[in-house]
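Visitor: First the structure, which I've put down as structure tokens, then a few questions once you've had a look.
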Amino acid sequence: MKITFKLNGENVSIEVESYKRLIDMLREDFELTGTKEGCSIGECGACTVLMDGKAVNSCLVLAAQIDGAEILTIEGVNQGNNLSDLQRNFLTHGAVQCGFCTPGMILSSLALLNENPNPTVEEIEESIAGNLCRCTGYKQIIEAVKATAEMSNQKLRNQSA
Amino acid sequence: MKNFEYIQPGSLNAVSTLSKEKFVSSHLFAGGTDVLGLMKDNIISPDRLINLKNLPNMDKIVYKKGEGISIGTLVKISDIAENEDIMNHFTALAQAAGEVASPQLRNVGTLGGNICQRPRCWYFRGEFDCIRKGGGICYAYEGENKFHCIVGGGPCYIVHPSDTAVALTALNASIKIHSNGTMKEIPIREFFILPEDDPMKENILEPGEAITEIFIPELETGKKSAYIKLKERDVWDFMTVSIAAVADVSGSLINNVELAFGGTAPKPWYDENINKVFINSKISDLETNVKKIFNDSELLSKNKYKLQLIRNLTKRILNNFSA
Ligand SMILES: Cc1cc2nc3c(=O)[nH]c(=O)nc-3n(C[C@H](O)[C@H](O)[C@H](O)COP(=O)(O)OP(=O)(O)OC[C@H]3O[C@@H](n4cnc5c(N)ncnc54)[C@H](O)[C@@H]3O)c2cc1C
Ligand code: SF4
Ligand code: FES
Ligand code: FES
């Protein structure tokens with residue numbers, strides 16, 4: 001079947017088999033391999049992408065289901081050739097070790113920051129509750145998200161000053 | 001996954017006709033988070049998936065003060081957890097929805113799908129031809145039964161996995177079902193069935209039927225509701241045990257209460273005799289009163305701990321109402 005959707009800001013159309021999962025379409029047909037597959041059953045969050053602004057597990061969504069939707073993958077998070085503040089803060093706060101969980105973590109926390117520019121630590125924890133990290137113990141990740149929120153609030157204050 | 005046909009009909013009658021077509025195995029599909037898991041584990045392998053998402057008006061929440069709230073079957077779990085009317089007037093449901101799985105799954109999973117999800121017994125999800133899959137034995141009965149039921153079991157000993165179903169049971173919700181061209185409304189307390197009735201399904205739905213909405217009547221003045229879930233791990237997990245209560249508590253007196261239990265039985269457990277233990281009782285007598293419930297449990301080799309847990313949880317939820 002043919003589906004049309006927005007992928008990282010661009011309108012695209014593609015013929016997909018009914019049984020193709022969103023993650024397979026992204027990795028195989030669009031060669032967007034930043035989206036990782038860990039558990040394949042909704043438990044680890046490595047495959048997280050944003051669908052209409054909301055975090056979803058691309059291993060548990062069929063490609064057919066996203067017809068008409070807007071999908072954001074880690075490849076769409078960069079600002080041009082530059083890393084976004086969130087990505088840079090992940091690096092500087094030691095939130096990236098092996099890096100396997102990182103794309104999913106960034107998308108889950110991005111979904112939060114887009115809706116809630118001033119999250120509490122509990123809200124950050126809740127937003128990444130579906131993302132497993134075997135390396136960092138989450139503390140550095142939470143700090144990176146917190147730092148990003150503070151940076152963007154600072155920028156807003158500077159603009160209005 | 002094998003190939004299958006994927007259809008998105010625009011009317012309930014079409015859903016019905018497509019579901020019942022001969023020689024084609026069909027399965028209803030909402031968010032798909034359970035269906036895709038079941039297909040991956042080869043528990044089902046339908047020829048056709050019928051996605052309900054194009055059906056009109058099934059993703060709405062409509063609250064009428066004094067009457068109650070109607071929640072379309074396709075409403076996302078995350079939208080239920082965050083809805084102000086549900087938080088204020090049907091608190092137990094908002095709390096239960098907030099406890100379901102992870103943010104990613106709540107963003108895709110629907111209310112109808114959540115109450116119709118299949119059980120999580122590891123033999124059922126694994127490669128065991130157990131009673132629930134049409135085989136001859138229950139592997140859990142003498143096997144790994146730490147998370148299995150303490151009441152209502154036999155010949156299968158699952159617990160029902162849905163958080164929202166427990167809250168809806170205490171809230172006395174009803175389920176609206178489209179059945180071959182007509183609508184029927186079934187109290188949720190009669191929607192789920194026990195293995196002794198049919199060990200291969202968890203509810204009364206027949207092929208061709210689909211849930212359209214869930215209705216919860218407004219609580220009587222003075223009543224409030226709450227949900228508490230215990231799980232083994234700190235992060236997302238299915239319930240070990242859980243409880244939902246609708247109660248009228250004034251000071252130290254429980255005037256009225258309706259309790260529903262999760263993680264204890266093959267369906268959300270509701271028993272008038274349990275309510276009676278607490279109606280017109282004192283908060284200070286909870287310690288002795290909770291010992292009167294679940295005395296008829298059939299404990300399995302590895303789930304004896306659940307009895308104490310569920311009694312403690314009952315104490316806790318009722319104590320909270322008086323606080
Ligand atoms: C890792 C993981 C953790 C989870 N943790 C929890 C948890 O803690 N608590 C909890 O409650 N759940 C939990 N779940 C279950 C999850 O919440 C369900 O998968 C989800 O709610 C199902 O919703 P869905 O819309 O995706 O359903 P689908 O997968 O689309 O459907 C589920 C079932 O319902 C049937 N169905 C759907 N809509 C209708 C309808 N309108 N009429 C008739 N039948 C219908 C389908 O045919 C199917 O059999 C977890 C799932 C996963 C994968
Ligand atoms: S408890 Fe039910 S689902 Fe689990 S092994 Fe026994 S029969 Fe199968
Ligand atoms: S790969 Fe999708 S949640 Fe683990
Ligand atoms: S950095 Fe290795 S899993 Fe998170």
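Going through the structure tokens in order, the chains are called A, B, and so on, while each chain numbers its residues from 1 and the ligands are numbered from 1 in the order shown.
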Please provide as a ChimeraX atom specification all residues within 12 Å of B:Gly262, with the sequence filter that same-chain residues fewer than 6 positions apart are discarded (counting only C-alpha atoms).
Guide: /B:96,147-151,158-170,227-231,238-245,268-270,306,309-310,313-314
Visitor: Using only C-alpha atoms and a cut-off of 9 Å, which residues of chain B sit close to chain A? Please list them as a PDB file with N, CA and C atoms, in the first residue's frame.
Guide:
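What ended up in out.pdb:
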```pdb
ATOM      1  N   MET B   1       7.084 -11.560  10.510  1.00  0.00           N
ATOM      2  CA  MET B   1       5.629 -11.624  10.393  1.00  0.00           C
ATOM      3  C   MET B   1       5.216 -12.045   8.977  1.00  0.00           C
ATOM      4  N   LYS B   2       4.182 -12.874   8.896  1.00  0.00           N
ATOM      5  CA  LYS B   2       3.694 -13.242   7.570  1.00  0.00           C
ATOM      6  C   LYS B   2       2.914 -12.068   6.953  1.00  0.00           C
ATOM      7  N   ASN B   3       2.675 -12.166   5.679  1.00  0.00           N
ATOM      8  CA  ASN B   3       1.927 -11.111   5.024  1.00  0.00           C
ATOM      9  C   ASN B   3       0.458 -11.158   5.470  1.00  0.00           C
ATOM     10  N   PHE B   4      -0.165 -10.023   5.514  1.00  0.00           N
ATOM     11  CA  PHE B   4      -1.584  -9.993   5.841  1.00  0.00           C
ATOM     12  C   PHE B   4      -2.193  -8.794   5.149  1.00  0.00           C
ATOM     13  N   GLU B   5      -3.509  -8.833   5.079  1.00  0.00           N
ATOM     14  CA  GLU B   5      -4.219  -7.714   4.482  1.00  0.00           C
ATOM     15  C   GLU B   5      -4.465  -6.674   5.581  1.00  0.00           C
ATOM     16  N   TYR B   6      -4.315  -5.406   5.249  1.00  0.00           N
ATOM     17  CA  TYR B   6      -4.492  -4.345   6.248  1.00  0.00           C
ATOM     18  C   TYR B   6      -5.593  -3.432   5.756  1.00  0.00           C
ATOM     19  N   GLY B  31      -4.399   0.568  18.566  1.00  0.00           N
ATOM     20  CA  GLY B  31      -3.023   1.095  18.541  1.00  0.00           C
ATOM     21  C   GLY B  31      -2.049   0.044  18.031  1.00  0.00           C
ATOM     22  N   GLY B  32      -2.421  -1.207  18.189  1.00  0.00           N
ATOM     23  CA  GLY B  32      -1.598  -2.307  17.681  1.00  0.00           C
ATOM     24  C   GLY B  32      -0.483  -2.761  18.608  1.00  0.00           C
ATOM     25  N   THR B  33      -0.337  -2.119  19.775  1.00  0.00           N
ATOM     26  CA  THR B  33       0.820  -2.450  20.623  1.00  0.00           C
ATOM     27  C   THR B  33       0.739  -3.856  21.205  1.00  0.00           C
ATOM     28  N   ASP B  34      -0.462  -4.370  21.395  1.00  0.00           N
ATOM     29  CA  ASP B  34      -0.570  -5.761  21.840  1.00  0.00           C
ATOM     30  C   ASP B  34      -0.672  -6.698  20.639  1.00  0.00           C
ATOM     31  N   LEU B  36       0.594  -6.479  17.666  1.00  0.00           N
ATOM     32  CA  LEU B  36       1.885  -6.732  17.014  1.00  0.00           C
ATOM     33  C   LEU B  36       2.762  -7.648  17.869  1.00  0.00           C
ATOM     34  N   GLY B  37       2.666  -7.501  19.198  1.00  0.00           N
ATOM     35  CA  GLY B  37       3.400  -8.404  20.091  1.00  0.00           C
ATOM     36  C   GLY B  37       2.903  -9.841  19.967  1.00  0.00           C
ATOM     37  N   LYS B  40       4.116 -11.272  16.703  1.00  0.00           N
ATOM     38  CA  LYS B  40       5.551 -11.559  16.748  1.00  0.00           C
ATOM     39  C   LYS B  40       5.793 -12.897  17.464  1.00  0.00           C
ATOM     40  N   ASN B  51      -8.006  -2.222  11.019  1.00  0.00           N
ATOM     41  CA  ASN B  51      -7.689  -1.046  11.840  1.00  0.00           C
ATOM     42  C   ASN B  51      -8.944  -0.200  12.005  1.00  0.00           C
ATOM     43  N   ALA B 101       2.192   0.968  31.369  1.00  0.00           N
ATOM     44  CA  ALA B 101       3.394   0.863  30.543  1.00  0.00           C
ATOM     45  C   ALA B 101       4.278   2.109  30.575  1.00  0.00           C
ATOM     46  N   SER B 102       4.772   2.537  29.412  1.00  0.00           N
ATOM     47  CA  SER B 102       5.711   3.656  29.289  1.00  0.00           C
ATOM     48  C   SER B 102       5.039   4.785  28.506  1.00  0.00           C
ATOM     49  N   PRO B 103       5.637   5.990  28.521  1.00  0.00           N
ATOM     50  CA  PRO B 103       5.039   7.078  27.735  1.00  0.00           C
ATOM     51  C   PRO B 103       4.831   6.682  26.272  1.00  0.00           C
ATOM     52  N   GLN B 104       5.810   6.014  25.679  1.00  0.00           N
ATOM     53  CA  GLN B 104       5.692   5.640  24.268  1.00  0.00           C
ATOM     54  C   GLN B 104       4.465   4.760  24.021  1.00  0.00           C
ATOM     55  N   LEU B 105       4.217   3.802  24.924  1.00  0.00           N
ATOM     56  CA  LEU B 105       3.081   2.898  24.721  1.00  0.00           C
ATOM     57  C   LEU B 105       1.760   3.587  25.038  1.00  0.00           C
ATOM     58  N   ARG B 106       1.769   4.485  26.018  1.00  0.00           N
ATOM     59  CA  ARG B 106       0.536   5.222  26.332  1.00  0.00           C
ATOM     60  C   ARG B 106       0.149   6.153  25.184  1.00  0.00           C
ATOM     61  N   ASN B 107       1.138   6.642  24.435  1.00  0.00           N
ATOM     62  CA  ASN B 107       0.856   7.537  23.308  1.00  0.00           C
ATOM     63  C   ASN B 107       0.209   6.809  22.135  1.00  0.00           C
ATOM     64  N   VAL B 108       0.348   5.498  22.071  1.00  0.00           N
ATOM     65  CA  VAL B 108      -0.197   4.734  20.941  1.00  0.00           C
ATOM     66  C   VAL B 108      -1.376   3.867  21.379  1.00  0.00           C
ATOM     67  N   VAL B 235      10.711   1.108  37.427  1.00  0.00           N
ATOM     68  CA  VAL B 235      10.242   1.667  36.157  1.00  0.00           C
ATOM     69  C   VAL B 235       8.962   0.968  35.733  1.00  0.00           C
ATOM     70  N   TRP B 236       8.524   1.170  34.493  1.00  0.00           N
ATOM     71  CA  TRP B 236       7.270   0.610  34.008  1.00  0.00           C
ATOM     72  C   TRP B 236       7.255  -0.910  34.226  1.00  0.00           C
TER      73      TRP B 236
END
```
Visitor: In Å to one decimal, how far is atom CA of B:Arg125 from atom 11 (O, counted along the ligand's line) of ligand 1?
Guide: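 Atom 11 (O, counted along the ligand's line) of ligand 1 sits 16.0 Å away from atom CA of B:Arg125.
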Visitor: May I have the residues within 7 Å of B:Ile204 as a PyMOL selection string, using only C-alpha atoms and disregarding those fewer than 4 positions away in the same chain?
Guide: chain B and resi 191-193
Visitor: Name the residues of stretch 8-257 of chain B that come out as strand (DSSP E) in a backbone DSSP run; write them as a count of residues only.
Guide: 60
Visitor: How would you write, as a short mmCIF file (atom, residue, chain, number, x, y, z; two decimals) with C-alpha atoms, in the first residue's frame, the set of residues no farther than 6 Å from ligand 4 when counting only C-alpha atoms and all ligand atoms?
Guide:
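In the end it all went to part_34.cif:
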```cif
data_model
loop_
_atom_site.label_atom_id
_atom_site.label_comp_id
_atom_site.auth_asym_id
_atom_site.auth_seq_id
_atom_site.Cartn_x
_atom_site.Cartn_y
_atom_site.Cartn_z
CA VAL A 96 26.45 9.27 26.05
CA GLN A 97 28.57 6.22 26.79
CA CYS A 98 28.01 3.34 24.38
CA GLY A 99 25.43 5.54 22.64
CA PHE A 100 22.91 2.82 21.85
CA CYS A 101 20.12 4.37 23.89
CA CYS A 133 20.18 2.78 29.48
CA ARG A 134 22.63 0.12 30.58
CA CYS A 135 25.59 2.47 30.95
CA THR A 136 24.91 5.81 32.57
#
```
Visitor: Rounded to one decimal in Å, what is the spacing between atom CA of B:Pro187 and atom CA of B:Ala265?
Guide: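 Between atom CA of B:Pro187 and atom CA of B:Ala265 the gap works out to 18.2 Å.
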Visitor: Please check which protein, DNA or RNA residues sit within 6 Å of ligand 2, counting only C-alpha atoms and all ligand atoms, and write them as a list in words.
Guide: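 What falls inside 6 Å of ligand 2 is Cys121, Tyr123, Phe124, Cys130, Ile131, Arg132, Cys138, Tyr139, Ala140, Cys156, Tyr157 and Ile158 of chain B.
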Visitor: Excluding A:Ile71 and its own-chain neighbours fewer than 4 positions away, which residues fall within 9 Å of it when counting only C-alpha atoms? Please give them as a ChimeraX atom specification.
Guide: /A:5-9,49-53,66
Visitor: Write out, as a CSV table (one decimal), in the first residue's frame, the residues just selected, with N, CA and C atoms.
Guide:
```csv
chain,number,residue,atom,x,y,z
A,5,PHE,N,3.6,10.7,4.1
A,5,PHE,CA,3.8,11.3,5.4
A,5,PHE,C,4.9,12.3,5.4
A,6,LYS,N,5.1,13.0,6.5
A,6,LYS,CA,6.2,14.0,6.6
A,6,LYS,C,7.4,13.3,7.4
A,7,LEU,N,8.5,13.3,6.8
A,7,LEU,CA,9.7,12.7,7.5
A,7,LEU,C,10.8,13.8,7.7
A,8,ASN,N,11.0,14.0,8.9
A,8,ASN,CA,12.0,15.1,9.3
A,8,ASN,C,11.8,16.3,8.4
A,9,GLY,N,10.5,16.7,8.3
A,9,GLY,CA,10.2,18.0,7.7
A,9,GLY,C,9.9,17.9,6.2
A,49,VAL,N,10.8,7.2,18.1
A,49,VAL,CA,10.8,8.4,17.2
A,49,VAL,C,9.6,9.2,17.6
A,50,LEU,N,9.5,10.4,17.1
A,50,LEU,CA,8.3,11.2,17.4
A,50,LEU,C,7.3,11.1,16.3
A,51,MET,N,6.1,10.8,16.7
A,51,MET,CA,5.0,10.8,15.7
A,51,MET,C,4.0,11.9,16.1
A,52,ASP,N,3.8,12.9,15.2
A,52,ASP,CA,3.0,14.0,15.6
A,52,ASP,C,3.4,14.6,16.9
A,53,GLY,N,4.7,14.7,17.2
A,53,GLY,CA,5.3,15.3,18.4
A,53,GLY,C,5.3,14.4,19.6
A,66,ILE,N,1.3,5.1,10.0
A,66,ILE,CA,1.7,6.5,10.0
A,66,ILE,C,1.3,7.3,8.8
```
Visitor: Compile the contact shell of B:Ser174 as a VMD selection string: residues with an atom at most 8 Å away, counting only C-alpha atoms, same-chain residues fewer than 2 positions apart removed.
Guide: chain B and resid 172 176 185 to 188 214 to 216
Visitor: Could you pull the residues within 7 Å of A:Thr148, counting only C-alpha atoms, minus those fewer than 2 positions along the same chain, as number ranges by chain?
Guide: A: 85-86, 89, 144-146, 150-152
Visitor: Generate the output file for the selected residues, all heavy atoms, as a tab-separated table (two decimals), in the first residue's frame.
Guide:
```tsv
chain	number	residue	atom	x	y	z
A	85	ASP	N	21.21	21.98	20.94
A	85	ASP	CA	21.68	22.15	22.33
A	85	ASP	C	21.50	20.86	23.12
A	85	ASP	O	22.35	20.46	23.90
A	85	ASP	CB	20.89	23.26	23.03
A	85	ASP	CG	21.27	24.64	22.50
A	85	ASP	OD1	22.33	24.73	21.83
A	85	ASP	OD2	20.52	25.59	22.76
A	86	LEU	N	20.36	20.21	22.89
A	86	LEU	CA	20.08	18.98	23.64
A	86	LEU	C	21.16	17.93	23.34
A	86	LEU	O	21.71	17.30	24.25
A	86	LEU	CB	18.69	18.46	23.25
A	86	LEU	CG	18.20	17.19	23.95
A	86	LEU	CD1	18.13	17.40	25.47
A	86	LEU	CD2	16.81	16.78	23.44
A	89	ASN	N	24.45	18.96	24.92
A	89	ASN	CA	24.43	18.76	26.38
A	89	ASN	C	24.54	17.28	26.76
A	89	ASN	O	25.13	16.95	27.78
A	89	ASN	CB	23.17	19.37	26.99
A	89	ASN	CG	23.28	20.87	27.12
A	89	ASN	OD1	24.37	21.39	27.34
A	89	ASN	ND2	22.17	21.57	26.94
A	144	ALA	N	21.56	16.50	31.60
A	144	ALA	CA	21.67	17.06	30.25
A	144	ALA	C	20.34	17.70	29.83
A	144	ALA	O	20.31	18.77	29.21
A	144	ALA	CB	22.08	15.98	29.25
A	145	VAL	N	19.23	17.06	30.17
A	145	VAL	CA	17.91	17.60	29.79
A	145	VAL	C	17.63	18.87	30.58
A	145	VAL	O	17.19	19.89	30.04
A	145	VAL	CB	16.80	16.55	30.03
A	145	VAL	CG1	15.43	17.13	29.67
A	145	VAL	CG2	17.07	15.28	29.23
A	146	LYS	N	17.95	18.82	31.87
A	146	LYS	CA	17.75	19.98	32.74
A	146	LYS	C	18.57	21.18	32.20
A	146	LYS	O	18.06	22.29	32.10
A	146	LYS	CB	18.23	19.58	34.15
A	146	LYS	CG	17.84	20.52	35.24
A	146	LYS	CD	16.58	20.01	35.98
A	146	LYS	CE	16.02	21.14	36.81
A	146	LYS	NZ	14.70	21.55	36.51
A	150	GLU	N	17.35	24.90	30.86
A	150	GLU	CA	17.87	26.16	31.40
A	150	GLU	C	18.46	27.04	30.30
A	150	GLU	O	18.25	28.25	30.27
A	150	GLU	CB	18.91	25.89	32.50
A	150	GLU	CG	18.23	25.59	33.83
A	150	GLU	CD	19.08	24.76	34.79
A	150	GLU	OE1	20.31	24.71	34.60
A	150	GLU	OE2	18.49	24.16	35.71
A	151	MET	N	19.19	26.39	29.37
A	151	MET	CA	19.78	27.16	28.27
A	151	MET	C	18.72	27.84	27.43
A	151	MET	O	18.85	29.01	27.07
A	151	MET	CB	20.61	26.24	27.35
A	151	MET	CG	22.04	26.04	27.82
A	151	MET	SD	22.85	24.73	26.91
A	151	MET	CE	23.38	25.62	25.48
A	152	SER	N	17.63	27.12	27.12
A	152	SER	CA	16.65	27.74	26.23
A	152	SER	C	15.87	28.81	26.97
A	152	SER	O	15.48	29.81	26.38
A	152	SER	CB	15.74	26.70	25.58
A	152	SER	OG	14.95	26.10	26.54
```
Visitor: Find the residues around B:Lys315 up to 8 Å (only C-alpha atoms counted), leave out those fewer than 6 positions away in its own chain, and share them as an MDAnalysis selection string.
Guide: chainID B and resid 286:287 290
Visitor: Mind dumping the selected residues with all heavy atoms as a short mmCIF file (atom, residue, chain, number, x, y, z; two decimals), in the first residue's frame?
Guide:
```cif
data_model
loop_
_atom_site.label_atom_id
_atom_site.label_comp_id
_atom_site.auth_asym_id
_atom_site.auth_seq_id
_atom_site.Cartn_x
_atom_site.Cartn_y
_atom_site.Cartn_z
N LEU B 286 -9.47 -1.17 60.32
CA LEU B 286 -8.99 -1.74 59.06
C LEU B 286 -8.07 -2.94 59.27
O LEU B 286 -8.17 -3.95 58.58
CB LEU B 286 -8.25 -0.66 58.24
CG LEU B 286 -9.12 0.25 57.38
CD1 LEU B 286 -8.27 1.32 56.71
CD2 LEU B 286 -9.85 -0.58 56.32
N GLU B 287 -7.17 -2.79 60.24
CA GLU B 287 -6.20 -3.84 60.52
C GLU B 287 -6.89 -5.21 60.70
O GLU B 287 -6.48 -6.20 60.10
CB GLU B 287 -5.43 -3.44 61.78
CG GLU B 287 -4.23 -4.31 62.12
CD GLU B 287 -3.10 -4.14 61.11
OE1 GLU B 287 -2.77 -2.98 60.78
OE2 GLU B 287 -2.58 -5.17 60.64
N VAL B 290 -9.23 -6.21 57.24
CA VAL B 290 -8.61 -6.72 56.00
C VAL B 290 -8.29 -8.21 56.12
O VAL B 290 -8.18 -8.91 55.11
CB VAL B 290 -7.33 -5.95 55.56
CG1 VAL B 290 -7.66 -4.54 55.13
CG2 VAL B 290 -6.24 -5.98 56.61
#
```
Visitor: Report the residues of stretch 18-160 of chain A whose backbone DSSP state falls under helix (DSSP H, G or I), written as a PyMOL selection string.
Guide: chain A and resi 22-29+58-60+63-66+74-76+85-92+102-115+121-127+139-160
Visitor: Work out how far apart atom 18 (C, counted along the ligand's line) of ligand 1 and atom CA of B:Met87 are and give it in Å to one decimal.
Guide: 20.8 Å
